[in-house]
file coords.txt (compact mmCIF, N, CA and C atoms and all ligand atoms)
# COMPACT_ATOMS: atom_id res chain seq x y z
N MET G 10 8.03 32.39 9.66
CA MET G 10 6.80 32.17 8.89
C MET G 10 6.92 30.89 8.07
N THR G 11 5.81 30.26 7.89
CA THR G 11 5.78 28.97 7.21
C THR G 11 4.74 29.03 6.09
N ARG G 12 5.13 28.62 4.92
CA ARG G 12 4.20 28.64 3.79
C ARG G 12 3.28 27.43 3.85
N ILE G 13 2.00 27.70 3.63
CA ILE G 13 1.02 26.61 3.52
C ILE G 13 0.24 26.84 2.23
N VAL G 14 0.07 25.79 1.48
CA VAL G 14 -0.66 25.88 0.22
C VAL G 14 -1.99 25.14 0.38
N PHE G 15 -3.09 25.87 0.23
CA PHE G 15 -4.41 25.28 0.30
C PHE G 15 -4.90 25.02 -1.12
N VAL G 16 -5.48 23.88 -1.33
CA VAL G 16 -6.03 23.53 -2.65
C VAL G 16 -7.52 23.27 -2.46
N SER G 17 -8.33 24.10 -3.11
CA SER G 17 -9.78 23.96 -2.95
C SER G 17 -10.28 22.70 -3.65
N HIS G 18 -11.54 22.36 -3.38
CA HIS G 18 -12.14 21.17 -3.97
C HIS G 18 -12.07 21.22 -5.50
N ASP G 19 -12.18 22.43 -6.06
CA ASP G 19 -12.13 22.53 -7.52
C ASP G 19 -10.75 22.95 -8.04
N GLY G 20 -9.74 22.80 -7.25
CA GLY G 20 -8.37 22.92 -7.74
C GLY G 20 -7.73 24.29 -7.65
N VAL G 21 -8.40 25.26 -7.02
CA VAL G 21 -7.81 26.59 -6.88
C VAL G 21 -6.81 26.58 -5.72
N THR G 22 -5.59 27.05 -5.96
CA THR G 22 -4.58 27.05 -4.90
C THR G 22 -4.44 28.45 -4.30
N THR G 23 -4.25 28.47 -3.00
CA THR G 23 -4.00 29.72 -2.26
C THR G 23 -2.82 29.48 -1.34
N GLU G 24 -1.76 30.25 -1.53
CA GLU G 24 -0.59 30.09 -0.67
C GLU G 24 -0.56 31.20 0.36
N ILE G 25 -0.34 30.84 1.60
CA ILE G 25 -0.27 31.84 2.67
C ILE G 25 1.04 31.68 3.44
N GLU G 26 1.35 32.71 4.20
CA GLU G 26 2.47 32.65 5.14
C GLU G 26 1.86 32.63 6.53
N ALA G 27 2.06 31.55 7.25
CA ALA G 27 1.46 31.40 8.57
C ALA G 27 2.52 31.56 9.66
N SER G 28 2.07 32.05 10.80
CA SER G 28 2.99 32.22 11.93
C SER G 28 3.24 30.89 12.61
N ASP G 29 4.49 30.60 12.87
CA ASP G 29 4.83 29.37 13.60
C ASP G 29 4.18 29.42 14.98
N GLY G 30 3.64 28.29 15.40
CA GLY G 30 2.97 28.21 16.69
C GLY G 30 1.47 28.40 16.57
N ASP G 31 1.02 29.00 15.49
CA ASP G 31 -0.42 29.14 15.25
C ASP G 31 -0.96 27.77 14.83
N ASN G 32 -2.25 27.66 14.61
CA ASN G 32 -2.74 26.41 14.02
C ASN G 32 -3.24 26.70 12.60
N VAL G 33 -3.37 25.64 11.82
CA VAL G 33 -3.67 25.80 10.39
C VAL G 33 -5.05 26.43 10.19
N MET G 34 -6.02 26.10 11.05
CA MET G 34 -7.36 26.69 10.92
C MET G 34 -7.28 28.20 11.07
N ARG G 35 -6.65 28.65 12.13
CA ARG G 35 -6.58 30.10 12.37
C ARG G 35 -5.81 30.82 11.29
N ALA G 36 -4.76 30.19 10.81
CA ALA G 36 -3.97 30.79 9.73
C ALA G 36 -4.82 30.94 8.47
N ALA G 37 -5.63 29.92 8.19
CA ALA G 37 -6.50 29.98 7.00
C ALA G 37 -7.51 31.12 7.14
N LEU G 38 -8.13 31.22 8.31
CA LEU G 38 -9.13 32.28 8.51
C LEU G 38 -8.48 33.66 8.41
N ALA G 39 -7.29 33.80 8.96
CA ALA G 39 -6.61 35.09 8.94
C ALA G 39 -6.30 35.54 7.52
N HIS G 40 -6.23 34.57 6.59
CA HIS G 40 -5.91 34.90 5.20
C HIS G 40 -7.12 34.70 4.27
N ASP G 41 -8.32 34.62 4.87
CA ASP G 41 -9.55 34.51 4.09
C ASP G 41 -9.54 33.34 3.11
N VAL G 42 -9.01 32.23 3.54
CA VAL G 42 -9.02 31.04 2.69
C VAL G 42 -10.43 30.45 2.70
N ASP G 43 -11.04 30.35 1.55
CA ASP G 43 -12.37 29.74 1.46
C ASP G 43 -12.27 28.25 1.75
N GLY G 44 -13.28 27.72 2.44
CA GLY G 44 -13.33 26.28 2.63
C GLY G 44 -12.99 25.84 4.04
N ILE G 45 -12.56 26.77 4.88
CA ILE G 45 -12.34 26.49 6.30
C ILE G 45 -13.25 27.43 7.08
N ILE G 46 -14.05 26.89 7.99
CA ILE G 46 -14.95 27.74 8.78
C ILE G 46 -14.45 27.90 10.21
N GLY G 47 -14.15 26.82 10.86
CA GLY G 47 -13.62 26.91 12.23
C GLY G 47 -14.62 27.47 13.22
N GLU G 48 -15.83 26.98 13.14
CA GLU G 48 -16.94 27.53 13.92
C GLU G 48 -16.69 27.55 15.43
N CYS G 49 -16.03 26.55 15.97
CA CYS G 49 -15.85 26.47 17.43
C CYS G 49 -14.58 27.18 17.90
N GLY G 50 -13.85 27.75 16.98
CA GLY G 50 -12.67 28.49 17.38
C GLY G 50 -11.47 27.62 17.72
N GLY G 51 -11.56 26.34 17.42
CA GLY G 51 -10.41 25.47 17.63
C GLY G 51 -10.49 24.60 18.86
N SER G 52 -11.68 24.49 19.44
CA SER G 52 -11.81 23.67 20.65
C SER G 52 -12.31 22.26 20.35
N MET G 53 -12.19 21.85 19.10
CA MET G 53 -12.52 20.49 18.68
C MET G 53 -13.97 20.13 18.97
N MET G 54 -14.86 21.06 18.64
CA MET G 54 -16.28 20.85 18.90
C MET G 54 -17.14 20.99 17.65
N CYS G 55 -16.52 21.08 16.45
CA CYS G 55 -17.39 21.37 15.30
C CYS G 55 -17.04 20.59 14.01
N ALA G 56 -15.81 20.34 13.74
CA ALA G 56 -15.36 19.68 12.51
C ALA G 56 -15.54 20.53 11.25
N THR G 57 -15.80 21.83 11.42
CA THR G 57 -15.90 22.68 10.22
C THR G 57 -14.52 23.21 9.79
N CYS G 58 -13.50 22.63 10.34
CA CYS G 58 -12.14 22.94 9.91
C CYS G 58 -11.50 21.72 9.26
N HIS G 59 -12.36 20.76 8.88
CA HIS G 59 -11.88 19.51 8.27
C HIS G 59 -11.01 19.79 7.04
N CYS G 60 -9.93 19.07 6.93
CA CYS G 60 -9.07 19.20 5.75
C CYS G 60 -8.40 17.84 5.49
N TYR G 61 -7.78 17.75 4.32
CA TYR G 61 -7.01 16.56 3.97
C TYR G 61 -5.55 16.98 3.79
N VAL G 62 -4.70 16.44 4.61
CA VAL G 62 -3.28 16.73 4.46
C VAL G 62 -2.77 15.96 3.25
N ASP G 63 -2.04 16.64 2.39
CA ASP G 63 -1.50 15.99 1.20
C ASP G 63 -0.67 14.76 1.61
N ASP G 64 -0.76 13.72 0.82
CA ASP G 64 -0.07 12.46 1.15
C ASP G 64 1.40 12.68 1.48
N ALA G 65 2.04 13.58 0.77
CA ALA G 65 3.48 13.79 0.96
C ALA G 65 3.80 14.41 2.32
N TRP G 66 2.78 14.97 2.97
CA TRP G 66 3.00 15.67 4.24
C TRP G 66 2.34 14.96 5.42
N ALA G 67 1.57 13.93 5.13
CA ALA G 67 0.74 13.31 6.17
C ALA G 67 1.57 12.81 7.35
N ASP G 68 2.72 12.22 7.09
CA ASP G 68 3.53 11.71 8.20
C ASP G 68 4.13 12.84 9.04
N ARG G 69 4.40 13.96 8.39
CA ARG G 69 5.10 15.04 9.09
C ARG G 69 4.22 15.82 10.05
N VAL G 70 2.91 15.80 9.84
CA VAL G 70 2.04 16.56 10.74
C VAL G 70 1.78 15.83 12.04
N GLY G 71 2.17 14.56 12.11
CA GLY G 71 1.97 13.81 13.34
C GLY G 71 0.58 13.20 13.41
N PRO G 72 0.34 12.44 14.46
CA PRO G 72 -0.94 11.74 14.58
C PRO G 72 -2.07 12.68 14.99
N ARG G 73 -3.29 12.18 14.82
CA ARG G 73 -4.47 12.94 15.27
C ARG G 73 -4.42 13.10 16.79
N ALA G 74 -4.99 14.19 17.26
CA ALA G 74 -5.06 14.46 18.69
C ALA G 74 -6.08 13.54 19.35
N ASP G 75 -6.00 13.40 20.66
CA ASP G 75 -7.01 12.65 21.40
C ASP G 75 -8.37 13.27 21.14
N GLY G 76 -9.33 12.44 20.76
CA GLY G 76 -10.68 12.93 20.51
C GLY G 76 -10.91 13.43 19.10
N GLU G 77 -9.85 13.58 18.34
CA GLU G 77 -10.00 14.10 16.97
C GLU G 77 -10.76 13.13 16.08
N ASP G 78 -10.50 11.85 16.23
CA ASP G 78 -11.21 10.85 15.43
C ASP G 78 -12.72 10.98 15.62
N ASP G 79 -13.13 11.10 16.86
CA ASP G 79 -14.57 11.19 17.16
C ASP G 79 -15.19 12.42 16.50
N MET G 80 -14.49 13.55 16.60
CA MET G 80 -15.04 14.79 16.03
C MET G 80 -15.08 14.70 14.50
N LEU G 81 -14.08 14.08 13.92
CA LEU G 81 -14.05 13.95 12.45
C LEU G 81 -15.25 13.15 11.95
N GLU G 82 -15.76 12.26 12.78
CA GLU G 82 -16.93 11.48 12.37
C GLU G 82 -18.12 12.37 12.01
N SER G 83 -18.15 13.57 12.55
CA SER G 83 -19.28 14.46 12.26
C SER G 83 -18.99 15.41 11.10
N ALA G 84 -17.84 15.25 10.46
CA ALA G 84 -17.54 16.08 9.29
C ALA G 84 -18.53 15.77 8.17
N VAL G 85 -18.88 16.78 7.41
CA VAL G 85 -19.89 16.64 6.36
C VAL G 85 -19.32 15.90 5.14
N SER G 86 -18.11 16.22 4.76
CA SER G 86 -17.51 15.60 3.58
C SER G 86 -16.85 14.27 3.96
N GLU G 87 -16.59 13.47 2.94
CA GLU G 87 -16.05 12.13 3.18
C GLU G 87 -14.78 12.17 4.01
N LEU G 88 -14.64 11.16 4.84
CA LEU G 88 -13.40 11.02 5.60
C LEU G 88 -12.40 10.22 4.78
N ARG G 89 -11.16 10.59 4.91
CA ARG G 89 -10.06 9.86 4.26
C ARG G 89 -8.99 9.59 5.30
N PRO G 90 -8.06 8.71 5.00
CA PRO G 90 -6.98 8.45 5.97
C PRO G 90 -6.21 9.71 6.35
N THR G 91 -6.17 10.67 5.44
CA THR G 91 -5.42 11.91 5.70
C THR G 91 -6.30 13.02 6.25
N SER G 92 -7.55 12.71 6.61
CA SER G 92 -8.43 13.73 7.19
C SER G 92 -7.89 14.22 8.52
N ARG G 93 -7.93 15.52 8.72
CA ARG G 93 -7.55 16.13 9.99
C ARG G 93 -8.46 17.31 10.29
N LEU G 94 -8.51 17.64 11.58
CA LEU G 94 -9.08 18.93 11.97
C LEU G 94 -7.93 19.93 11.88
N SER G 95 -8.09 20.91 11.01
CA SER G 95 -6.95 21.82 10.79
C SER G 95 -6.61 22.62 12.04
N CYS G 96 -7.55 22.75 12.97
CA CYS G 96 -7.24 23.47 14.22
C CYS G 96 -6.29 22.68 15.10
N GLN G 97 -6.09 21.41 14.79
CA GLN G 97 -5.21 20.58 15.60
C GLN G 97 -3.84 20.39 14.96
N ILE G 98 -3.58 21.09 13.87
CA ILE G 98 -2.27 21.03 13.22
C ILE G 98 -1.51 22.31 13.54
N ARG G 99 -0.44 22.18 14.27
CA ARG G 99 0.35 23.35 14.65
C ARG G 99 1.32 23.70 13.54
N VAL G 100 1.37 24.98 13.21
CA VAL G 100 2.29 25.45 12.18
C VAL G 100 3.71 25.46 12.75
N ALA G 101 4.61 24.87 11.98
CA ALA G 101 6.02 24.82 12.41
C ALA G 101 6.90 24.85 11.16
N ALA G 102 8.12 25.27 11.35
CA ALA G 102 9.04 25.48 10.23
C ALA G 102 9.22 24.22 9.39
N ASP G 103 9.15 23.06 10.01
CA ASP G 103 9.38 21.84 9.23
C ASP G 103 8.18 21.48 8.35
N LEU G 104 7.13 22.27 8.42
CA LEU G 104 5.97 22.07 7.54
C LEU G 104 5.97 23.08 6.39
N ASP G 105 7.07 23.78 6.21
CA ASP G 105 7.12 24.81 5.17
C ASP G 105 6.81 24.21 3.80
N GLY G 106 5.79 24.76 3.14
CA GLY G 106 5.38 24.28 1.82
C GLY G 106 4.30 23.22 1.87
N MET G 107 3.81 22.92 3.06
CA MET G 107 2.79 21.87 3.22
C MET G 107 1.55 22.16 2.36
N ILE G 108 1.03 21.10 1.79
CA ILE G 108 -0.17 21.22 0.95
C ILE G 108 -1.36 20.65 1.70
N ILE G 109 -2.41 21.46 1.79
CA ILE G 109 -3.64 21.08 2.47
C ILE G 109 -4.78 21.10 1.45
N HIS G 110 -5.46 20.00 1.30
CA HIS G 110 -6.61 19.94 0.39
C HIS G 110 -7.89 20.19 1.19
N LEU G 111 -8.79 20.93 0.58
CA LEU G 111 -10.02 21.31 1.27
C LEU G 111 -11.19 20.46 0.77
N PRO G 112 -12.07 20.10 1.69
CA PRO G 112 -13.22 19.28 1.29
C PRO G 112 -14.23 20.10 0.48
N GLU G 113 -15.15 19.38 -0.14
CA GLU G 113 -16.15 20.05 -0.97
C GLU G 113 -17.03 20.96 -0.14
N SER G 114 -17.35 20.54 1.07
CA SER G 114 -18.24 21.34 1.92
C SER G 114 -17.89 21.11 3.38
N GLN G 115 -18.20 22.11 4.20
CA GLN G 115 -18.00 21.98 5.65
C GLN G 115 -19.33 21.97 6.40
N THR G 116 -20.41 22.30 5.70
CA THR G 116 -21.71 22.37 6.39
C THR G 116 -22.78 21.67 5.57
FE1 LIG S 1 -13.92 23.42 15.43
FE2 LIG S 1 -11.49 22.71 14.52
S1 LIG S 1 -12.40 24.66 14.55
S2 LIG S 1 -12.99 21.47 15.43

call {"tool": "encode", "arguments": {"input": "coords.txt", "output": "structure tokens"}}
result
Amino acid sequence: MTRIVFVSHDGVTTEIEASDGDNVMRAALAHDVDGIIGECGGSMMCATCHCYVDDAWADRVGPRADGEDDMLESAVSELRPTSRLSCQIRVAADLDGMIIHLPESQT
């Protein structure tokens, strides 16, 4: 299990234990984390799983997936260099303690 800390737009933190091999979007939904919708179920068709990887972790999650940039363009909240689709971030032990910031809105 890998700990992930979500920080809402207004600063509320929620720490979860996610299963390795899962993706961050599904882990958030499984733990009722507000601020992630994941409308398309992780098939990179919606951008309602938009998140900002904390600067300290941005290099460790790896680059955006093919097509992720295009889908992020349709995200409702501002894009940042650390913007990711959380469904494209695979949970792994080396991400233990990762901090994910949530946008103000997904819709
Ligand atoms: Fe739809 Fe991630 S859940 S793009």

call {"tool": "atom_distance", "arguments": {"input": "coords.txt", "atom1": "CA of Ala74 (chain G)", "atom2": "CA of Val21 (chain G)"}}
result
28.4 Å

call {"tool": "residues_around", "arguments": {"input": "coords.txt", "residues": "region 75-84 of chain G", "least_positions_apart": "4", "cutoff": "7 Å", "atoms": "all atoms listed in the file", "output": "PyMOL selection string"}}
result
chain G and resi 53-57+59+88+93-94+115

call {"tool": "atom_distance", "arguments": {"input": "coords.txt", "atom1": "CA of Asp63 (chain G)", "atom2": "CA of Pro90 (chain G)"}}
result
10.5 Å

call {"tool": "atom_distance", "arguments": {"input": "coords.txt", "atom1": "atom C of Gly44 (chain G)", "atom2": "atom N of Ala67 (chain G)"}}
result
18.8 Å

call {"tool": "residues_near_point", "arguments": {"input": "coords.txt", "point": "(-15.7, 22.0, -5.6)", "cutoff": "7 Å", "atoms": "all atoms listed in the file", "output": "ChimeraX atom specification"}}
result
/G:17-20,112-113

call {"tool": "closest_residue", "arguments": {"input": "coords.txt", "among": "G:Ala36, G:Ala65, G:Met10, G:Cys49", "to": "ligand LIG 1 (chain S)", "atoms": "all atoms listed in the file"}}
result
G:Cys49

call {"tool": "select_by_dssp", "arguments": {"input": "coords.txt", "residues": "chain G", "states": "strand (DSSP E or B)", "output": "VMD selection string"}}
result
chain G and resid 11 to 16 22 to 27 32 59 to 62 92 to 94 99 107 to 110

call {"tool": "select_by_dssp", "arguments": {"input": "coords.txt", "residues": "region 19-107 of chain G", "states": "alpha helix (DSSP H)", "output": "PyMOL selection string"}}
result
chain G and resi 33-39+77-81

call {"tool": "closest_residue", "arguments": {"input": "coords.txt", "among": "G:Val85, G:Ile25, G:Val70, G:Val62", "to": "Asp103 (chain G)", "atoms": "only N, CA and C atoms"}}
result
G:Val70

call {"tool": "closest_residue", "arguments": {"input": "coords.txt", "among": "G:Gln97, G:Ser28, G:Ser86, G:Thr23", "to": "ligand LIG 1 (chain S)", "atoms": "only C-alpha atoms and all ligand atoms"}}
result
G:Gln97

call {"tool": "closest_residue", "arguments": {"input": "coords.txt", "among": "G:Ala102, G:Val42, G:Met34, G:Pro72", "to": "ligand LIG 1 (chain S)", "atoms": "only N, CA and C atoms and all ligand atoms"}}
result
G:Met34

call {"tool": "residues_around", "arguments": {"input": "coords.txt", "residues": "Cys96 (chain G)", "least_positions_apart": "4", "cutoff": "6 Å", "atoms": "all atoms listed in the file", "output": "list in words"}}
result
Asn32, Val33, Met34, Arg35, Gly51 and Cys58 of chain G

call {"tool": "axis_aligned_box", "arguments": {"input": "coords.txt", "around": "ligand LIG 1 (chain S)", "padding_each_side": "5 Å", "output": "lines of an AutoDock Vina configuration file"}}
result
center_x = -12.7
center_y = 23.1
center_z = 15.0
size_x = 12.4
size_y = 13.2
size_z = 10.9

call {"tool": "closest_residue", "arguments": {"input": "coords.txt", "among": "G:Arg89, G:Ile46, G:Asp31, G:Thr22", "to": "ligand LIG 1 (chain S)", "atoms": "all atoms listed in the file"}}
result
G:Ile46

call {"tool": "closest_residue", "arguments": {"input": "coords.txt", "among": "G:Gly106, G:Val14, G:Thr91, G:Glu26", "to": "Asp64 (chain G)", "atoms": "only C-alpha atoms"}}
result
G:Thr91
